[in-house]
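Colleague: Just one file: structure-v3.txt, with compact mmCIF, C-alpha atoms.
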```
# COMPACT_ATOMS: atom_id res chain seq x y z
CA MET S 1 -50.35 48.71 -37.50
CA GLN S 2 -50.13 44.96 -37.54
CA LEU S 3 -46.38 45.23 -37.68
CA ALA S 4 -46.39 47.41 -34.59
CA THR S 5 -48.69 44.97 -32.82
CA THR S 6 -46.48 42.04 -33.80
CA LEU S 7 -43.36 43.86 -32.64
CA LEU S 8 -45.07 44.76 -29.38
CA LYS S 9 -46.14 41.12 -28.87
CA ASN S 10 -42.61 39.90 -29.69
CA ASP S 11 -41.14 42.46 -27.32
CA THR S 12 -43.56 41.46 -24.57
CA LEU S 13 -42.81 37.79 -25.19
CA MET S 14 -39.07 38.48 -25.04
CA ASN S 15 -39.44 40.41 -21.78
CA THR S 16 -41.48 37.55 -20.32
CA VAL S 17 -38.85 34.99 -21.31
CA THR S 18 -36.08 37.19 -19.91
CA GLY S 19 -38.06 37.68 -16.69
CA ILE S 20 -38.64 33.93 -16.31
CA SER S 21 -34.98 33.30 -16.94
CA LYS S 22 -33.96 35.82 -14.28
CA ASN S 23 -36.43 34.36 -11.80
CA LYS S 24 -35.13 30.86 -12.46
CA GLN S 25 -31.53 31.93 -11.90
CA SER S 26 -32.33 33.67 -8.63
CA SER S 27 -34.56 30.84 -7.38
CA THR S 28 -31.93 28.13 -7.78
CA SER S 29 -30.11 27.68 -4.55
CA PRO S 30 -26.56 28.90 -4.85
CA VAL S 31 -23.76 26.45 -4.13
CA THR S 32 -22.89 26.77 -0.49
CA LYS S 33 -19.39 28.07 -0.42
CA VAL S 34 -17.23 26.97 2.44
CA PRO S 35 -15.51 29.91 4.05
CA GLU S 36 -11.90 30.15 2.91
CA LYS S 37 -10.50 29.82 6.44
CA GLN S 38 -12.50 26.63 7.07
CA GLU S 39 -11.45 25.28 3.68
CA ASN S 40 -7.78 25.95 4.49
CA THR S 41 -8.17 24.25 7.87
CA GLU S 42 -9.69 21.20 6.21
CA LEU S 43 -6.89 21.11 3.64
CA VAL S 44 -4.25 21.34 6.36
CA SER S 45 -5.98 18.54 8.27
CA LEU S 46 -6.15 16.35 5.16
CA TYR S 47 -2.49 17.08 4.40
CA GLN S 48 -1.47 16.07 7.94
CA LYS S 49 -3.45 12.84 7.66
CA LEU S 50 -1.81 12.16 4.31
CA GLU S 51 1.63 12.73 5.83
CA LYS S 52 0.84 10.26 8.64
CA ILE S 53 -0.32 7.68 6.13
CA ASP S 54 2.83 8.26 4.10
CA ASN S 55 4.95 7.76 7.23
CA VAL S 56 3.13 4.54 8.06
CA VAL S 57 3.64 3.26 4.51
CA SER S 58 7.34 4.14 4.71
CA ASP S 59 7.63 2.29 8.03
CA ILE S 60 5.90 -0.75 6.56
CA LYS S 61 8.25 -0.73 3.55
CA GLN S 62 11.26 -0.55 5.90
CA GLU S 63 9.88 -3.42 7.99
CA ASN S 64 9.35 -5.48 4.83
CA ILE S 65 12.98 -4.93 3.88
CA ILE S 66 14.08 -6.08 7.34
CA LEU S 67 11.77 -9.11 7.18
CA ALA S 68 13.10 -10.06 3.74
CA SER S 69 16.66 -9.84 5.06
CA LEU S 70 15.77 -12.01 8.06
CA SER S 71 14.06 -14.51 5.78
CA ILE S 72 17.21 -14.83 3.66
CA LYS S 73 19.30 -15.29 6.81
CA LEU S 74 16.92 -18.03 8.01
CA VAL S 75 17.19 -19.85 4.69
CA ASN S 76 21.00 -19.68 4.94
CA ILE S 77 20.92 -20.97 8.52
CA GLU S 78 18.61 -23.80 7.48
CA PHE S 79 21.05 -24.75 4.71
CA GLU S 80 24.01 -24.66 7.12
CA ILE S 81 22.14 -26.84 9.63
CA SER S 82 21.35 -29.31 6.87
CA GLU S 83 25.02 -29.41 5.86
CA LEU S 84 26.07 -29.92 9.50
CA ARG S 85 23.60 -32.79 9.85
CA LYS S 86 25.12 -34.43 6.79
CA GLU S 87 28.61 -34.01 8.22
CA ILE S 88 27.52 -35.45 11.57
CA GLN S 89 25.89 -38.39 9.82
CA ASP S 90 29.05 -38.95 7.76
CA LEU S 91 31.17 -38.83 10.93
CA LYS S 92 28.85 -41.30 12.68
CA GLU S 93 29.00 -43.66 9.72
CA HIS S 94 32.78 -43.28 9.52
CA LYS S 95 33.12 -43.95 13.28
CA ILE S 96 30.86 -46.98 13.06
CA PHE S 97 32.85 -48.17 10.06
CA LYS S 98 36.12 -47.72 11.98
CA LYS S 99 34.68 -49.43 15.04
CA ASN S 100 33.45 -52.34 12.95
CA SER S 101 36.81 -52.49 11.23
CA LYS S 102 38.62 -52.63 14.57
CA ASP S 103 36.23 -55.25 15.92
CA SER S 104 36.66 -57.41 12.84
CA LYS S 105 40.47 -57.07 13.12
CA LYS S 106 40.31 -58.15 16.77
CA ASP S 107 38.18 -61.11 15.89
CA ASN S 108 40.55 -62.06 13.08
CA GLY S 109 43.72 -61.29 15.04
```
Output the file's structure as structure tokens, nothing else.
Modeller:
Amino acid sequence: MQLATTLLKNDTLMNTVTGISKNKQSSTSPVTKVPEKQENTELVSLYQKLEKIDNVVSDIKQENIILASLSIKLVNIEFEISELRKEIQDLKEHKIFKKNSKDSKKDNG
């Protein structure tokens, strides 16, 4: 008799636990699922934005390549100008030297 009572109590306890568990599962708010069509629309929108960003990044990379090329050209031009200045200075000094040479020859001659 006690065994039957114990089994009955255990069975009742088990049913109570199972019932509580079921109630808990149904009472928790389910994750709100975005409708598939809306989800696809959002994905397409995100993909388009990503493509635009990728295009902008590609444009920036191309512009950086152009700027680097222009920078190298400017450095070369700066070097050429420096060389021309040296040549001009050398010519001026040579001309002054020649002029002074001629003047000293006239004075001596």
Colleague: Return the padded bounding box of range 44-60 of chain S as lines of an AutoDock Vina configuration file: axis-aligned, built from all atoms listed in the file, 4 Å added on each side, with centre and edge lengths in Å to one decimal.
Modeller:
```
center_x = 0.7
center_y = 10.3
center_z = 6.4
size_x = 21.8
size_y = 30.1
size_z = 12.5
```
Colleague: CA of Ser69 in chain S and CA of Val56 in chain S, how far apart in Å?
Modeller: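 These two atoms are separated by 20.0 Å.
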Colleague: Suppose you want the space between CA of Leu74 in chain S and CA of Glu87 in chain S; what is it in Å?
Modeller: 19.8 Å
Colleague: Mind giving me the straight-line distance from CA of Lys52 in chain S to CA of Asn64 in chain S in Å, one decimal?
Modeller: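 Here the two named atoms are 18.3 Å from each other.
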